[in-house]
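J.: Take this structure first; my questions come after.
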Amino acid sequence: MPSLSALRAFEAAARHGSFRSAADELNVTHSAISHQVKALEENLGVPLFSRGGRAVRLTEEGRILFPVLREAFDGIVAGTDLLRRRQSGGTLTVQVYVTLAVRWLLPRLHGFAKAHNEVQVALATSYTDWDFARGEVDAAILFVEHRHADLDYTPLGKARLFPVCAPSLLENGPRLREPADLRAHRLLNVYPAKHDWPDWLAAAGVTDLEPDLAGPRFDSYLLALEEAAAGGGVSLTTQAFVADDLARGRLVIPFDLKVDSRAPWYLVCAKERRNEPRIVKFRNWLLETVGNEPDGSGFE
């Protein structure tokens, strides 16, 4: 096998189209790059560059070798970066919707810390970004409607939508005993989840109500649910967002019609990182926690 330093010198020179730029990148002299490339050419028995003045151009043989080395060095960089991430302070960054963080994950996260004190979880909360922030976080808990081939998805449960409101609205407001009664109430919309109310109303047989015109719009379920708890209208939600509020009587369900959301819950990570120890530990804890939730308190 040719010298690794010679291969590295050739790859850098081919990428830059310049021996001098390659020398600057590798922190060596111009003559050192020239010497390494010449030694590689002698080893292989073919010219890799055609030289003319200050410019260098790849020969046909050089054009064959360059992409092979480019891919190989990219693989080396990816592998070493992966090892660094696995050993970099034990921090696991998890992207999560702000509503799920406040209403479900934070009250339970101490359980993960107790079981795995060698891993520190950093939460990256999001209101309206419904996709996985690749390269910025390690894993994410998301509603997923469309899957991507390069991502790994662990199912956590269906997202089932149902209406909630304050007890005071149910007791003192306009009649609210069946879905058709929603015509007399403010519908609280979460605009990143634009299909929620139309899908639920269609399932309920209420076809003459425009949810966008029937109430205010919010960028998160958290804000819509706070408005509902204050008596300001009826919000749709999923169980993970309101289990505690329902248990405490802060919110109530006016009528029991649950409709599957278009996007179930998943834990998402890059496919090549699925078996990283930190992600495996968090995944196993999350699945166990969801599985052990009392009836009515989980992700469904």
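In the structure tokens, each chain is lettered A, B, ... as it comes, each chain's residues begin at 1, and ligands are numbered from 1 in order of appearance.
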Compile the contact shell of range 224-230 of chain A as an NGL selection string: residues with an atom at most 8 Å away, counting only C-alpha atoms, same-chain residues fewer than 6 positions apart removed.
T.: :A and (164-166 or 188-190 or 217-218 or 237 or 250-251)
J.: Mind checking DSSP for range 73-142 of chain A and telling me the helix (DSSP H, G or I) residues as an MDAnalysis selection string?
T.: chainID A and resid 73:87 98:115
J.: From the list A:Asn172, A:Ser3, A:Asn275, A:Asn117, which residue is nearest Asp152 in chain A when using only C-alpha atoms?
T.: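 Once distances to Asp152 in chain A are computed over only C-alpha atoms, the minimum belongs to A:Asn275.
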J.: Give me every strand (DSSP E) residue in range 52-258 of chain A, going by DSSP on the backbone, as a PyMOL selection string.
T.: chain A and resi 52+55-58+91-97+120-126+139-143+151-157+160-164+187-190+217-218+234-237
J.: Kindly save the residues from that selection, with C-alpha atoms included, as a CSV table (one decimal), in the first residue's frame.
T.:
chain,number,residue,atom,x,y,z
A,52,GLY,CA,2.2,23.5,-16.3
A,55,ALA,CA,-1.4,25.2,-12.3
A,56,VAL,CA,-1.7,21.4,-11.9
A,57,ARG,CA,-4.4,19.3,-13.5
A,58,LEU,CA,-5.3,15.7,-12.9
A,91,THR,CA,-24.0,14.5,26.7
A,92,LEU,CA,-27.1,13.4,24.7
A,93,THR,CA,-29.0,16.2,23.0
A,94,VAL,CA,-32.6,15.4,22.4
A,95,GLN,CA,-34.9,17.6,20.3
A,96,VAL,CA,-38.4,17.7,21.7
A,97,TYR,CA,-41.5,19.8,21.3
A,120,GLN,CA,-26.3,14.1,30.7
A,121,VAL,CA,-29.5,14.9,28.7
A,122,ALA,CA,-29.6,18.3,27.0
A,123,LEU,CA,-33.1,19.3,25.7
A,124,ALA,CA,-33.4,21.3,22.5
A,125,THR,CA,-37.0,22.4,22.6
A,126,SER,CA,-38.9,23.3,19.4
A,139,ALA,CA,-32.1,12.1,18.8
A,140,ALA,CA,-35.6,13.6,18.8
A,141,ILE,CA,-39.1,12.7,19.9
A,142,LEU,CA,-41.4,13.8,17.1
A,143,PHE,CA,-44.8,13.4,15.4
A,151,LEU,CA,-33.3,8.1,9.6
A,152,ASP,CA,-34.2,5.4,12.2
A,153,TYR,CA,-37.7,5.5,13.7
A,154,THR,CA,-38.7,3.8,17.0
A,155,PRO,CA,-42.5,3.8,17.4
A,156,LEU,CA,-43.7,5.3,20.7
A,157,GLY,CA,-47.5,5.2,20.2
A,160,ARG,CA,-54.8,10.3,19.1
A,161,LEU,CA,-56.5,13.7,19.1
A,162,PHE,CA,-59.4,14.7,21.4
A,163,PRO,CA,-61.0,18.0,22.7
A,164,VAL,CA,-60.4,19.4,26.1
A,187,LEU,CA,-61.8,26.6,18.7
A,188,LEU,CA,-58.1,27.0,19.7
A,189,ASN,CA,-55.9,26.3,16.7
A,190,VAL,CA,-52.2,25.2,16.7
A,217,ARG,CA,-54.2,30.5,16.5
A,218,PHE,CA,-51.1,29.5,18.5
A,234,VAL,CA,-61.7,24.3,23.3
A,235,SER,CA,-58.4,22.8,22.2
A,236,LEU,CA,-57.5,19.6,20.6
A,237,THR,CA,-54.6,17.6,22.2
J.: Just checking: using only C-alpha atoms, which residue out of A:Asn43, A:Asn284, A:Ser5, A:Ser261 ends up closest to Pro198 in chain A?
T.: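 Ranking A:Asn43, A:Asn284, A:Ser5, A:Ser261 by distance to Pro198 in chain A, first place goes to A:Ser261.
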J.: Go ahead and compute the interatomic distance for CA of Gly111 in chain A and CA of Lys158 in chain A, in Å to one decimal.
T.: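 Result for CA of Gly111 in chain A versus CA of Lys158 in chain A: 23.2 Å, one decimal.
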J.: Could you check the closest approach to Ala270 in chain A for each of A:Leu257, A:Val137, A:Ile33, A:Ala203 and tell me which residue wins, using only C-alpha atoms?
T.: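 Result for the nearest residue to Ala270 in chain A: A:Val137.
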J.: Near Ala214 in chain A, counting only C-alpha atoms, which residues have an atom at most 10 Å away, once you skip same-chain residues fewer than 5 positions from it, shown as a PyMOL selection string?
T.: chain A and resi 182-189+209+233
J.: For the residues in that selection, give me all heavy atoms as a compact mmCIF listing (two decimals), in the first residue's frame.
T.:
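Generated file (out-v6.txt):
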# COMPACT_ATOMS: atom_id res chain seq x y z
N LEU A 182 -69.91 22.65 19.21
CA LEU A 182 -68.69 23.45 19.05
C LEU A 182 -68.93 24.70 18.21
O LEU A 182 -68.13 25.63 18.25
CB LEU A 182 -67.58 22.61 18.41
CG LEU A 182 -66.97 21.53 19.31
CD1 LEU A 182 -66.08 20.61 18.49
CD2 LEU A 182 -66.17 22.17 20.44
N ARG A 183 -70.02 24.73 17.48
CA ARG A 183 -70.33 25.92 16.67
C ARG A 183 -70.47 27.17 17.54
O ARG A 183 -70.27 28.29 17.06
CB ARG A 183 -71.62 25.70 15.88
CG ARG A 183 -71.55 24.56 14.87
CD ARG A 183 -72.84 24.50 14.04
NE ARG A 183 -72.83 23.40 13.10
CZ ARG A 183 -73.37 22.20 13.34
NH1 ARG A 183 -73.96 21.98 14.52
NH2 ARG A 183 -73.34 21.25 12.43
N ALA A 184 -70.79 26.98 18.82
CA ALA A 184 -71.00 28.12 19.72
C ALA A 184 -69.75 28.44 20.54
O ALA A 184 -69.80 29.27 21.45
CB ALA A 184 -72.17 27.84 20.65
N HIS A 185 -68.63 27.79 20.23
CA HIS A 185 -67.42 27.96 21.05
C HIS A 185 -66.23 28.37 20.20
O HIS A 185 -66.20 28.17 18.98
CB HIS A 185 -67.10 26.64 21.76
CG HIS A 185 -68.07 26.29 22.84
ND1 HIS A 185 -67.88 26.65 24.15
CD2 HIS A 185 -69.26 25.62 22.79
CE1 HIS A 185 -68.90 26.21 24.88
NE2 HIS A 185 -69.75 25.59 24.07
N ARG A 186 -65.23 28.96 20.88
CA ARG A 186 -63.96 29.30 20.23
C ARG A 186 -63.14 28.01 20.09
O ARG A 186 -62.94 27.29 21.06
CB ARG A 186 -63.17 30.30 21.05
CG ARG A 186 -63.86 31.63 21.24
CD ARG A 186 -63.12 32.47 22.27
NE ARG A 186 -61.97 33.17 21.72
CZ ARG A 186 -60.80 33.28 22.31
NH1 ARG A 186 -60.57 32.67 23.46
NH2 ARG A 186 -59.82 33.97 21.77
N LEU A 187 -62.65 27.74 18.89
CA LEU A 187 -61.76 26.61 18.65
C LEU A 187 -60.32 27.13 18.64
O LEU A 187 -59.98 28.03 17.87
CB LEU A 187 -62.08 25.92 17.32
CG LEU A 187 -63.52 25.42 17.15
CD1 LEU A 187 -63.64 24.61 15.86
CD2 LEU A 187 -63.96 24.59 18.34
N LEU A 188 -59.51 26.57 19.50
CA LEU A 188 -58.13 27.03 19.65
C LEU A 188 -57.24 26.23 18.69
O LEU A 188 -57.10 25.02 18.83
CB LEU A 188 -57.68 26.85 21.10
CG LEU A 188 -58.63 27.47 22.14
CD1 LEU A 188 -58.13 27.19 23.55
CD2 LEU A 188 -58.81 28.96 21.91
N ASN A 189 -56.64 26.92 17.74
CA ASN A 189 -55.88 26.28 16.67
C ASN A 189 -54.38 26.31 16.95
O ASN A 189 -53.85 27.33 17.39
CB ASN A 189 -56.14 26.99 15.34
CG ASN A 189 -57.56 26.81 14.85
OD1 ASN A 189 -57.86 25.82 14.20
ND2 ASN A 189 -58.44 27.75 15.18
N LEU A 209 -68.18 23.89 9.81
CA LEU A 209 -67.46 24.73 10.77
C LEU A 209 -66.03 24.92 10.27
O LEU A 209 -65.31 23.96 10.01
CB LEU A 209 -67.47 24.09 12.15
CG LEU A 209 -66.80 24.84 13.31
CD1 LEU A 209 -67.37 26.25 13.44
CD2 LEU A 209 -66.97 24.07 14.61
N GLY A 233 -61.64 28.62 25.50
CA GLY A 233 -62.08 27.90 24.32
C GLY A 233 -61.80 26.42 24.45
O GLY A 233 -61.47 25.91 25.52
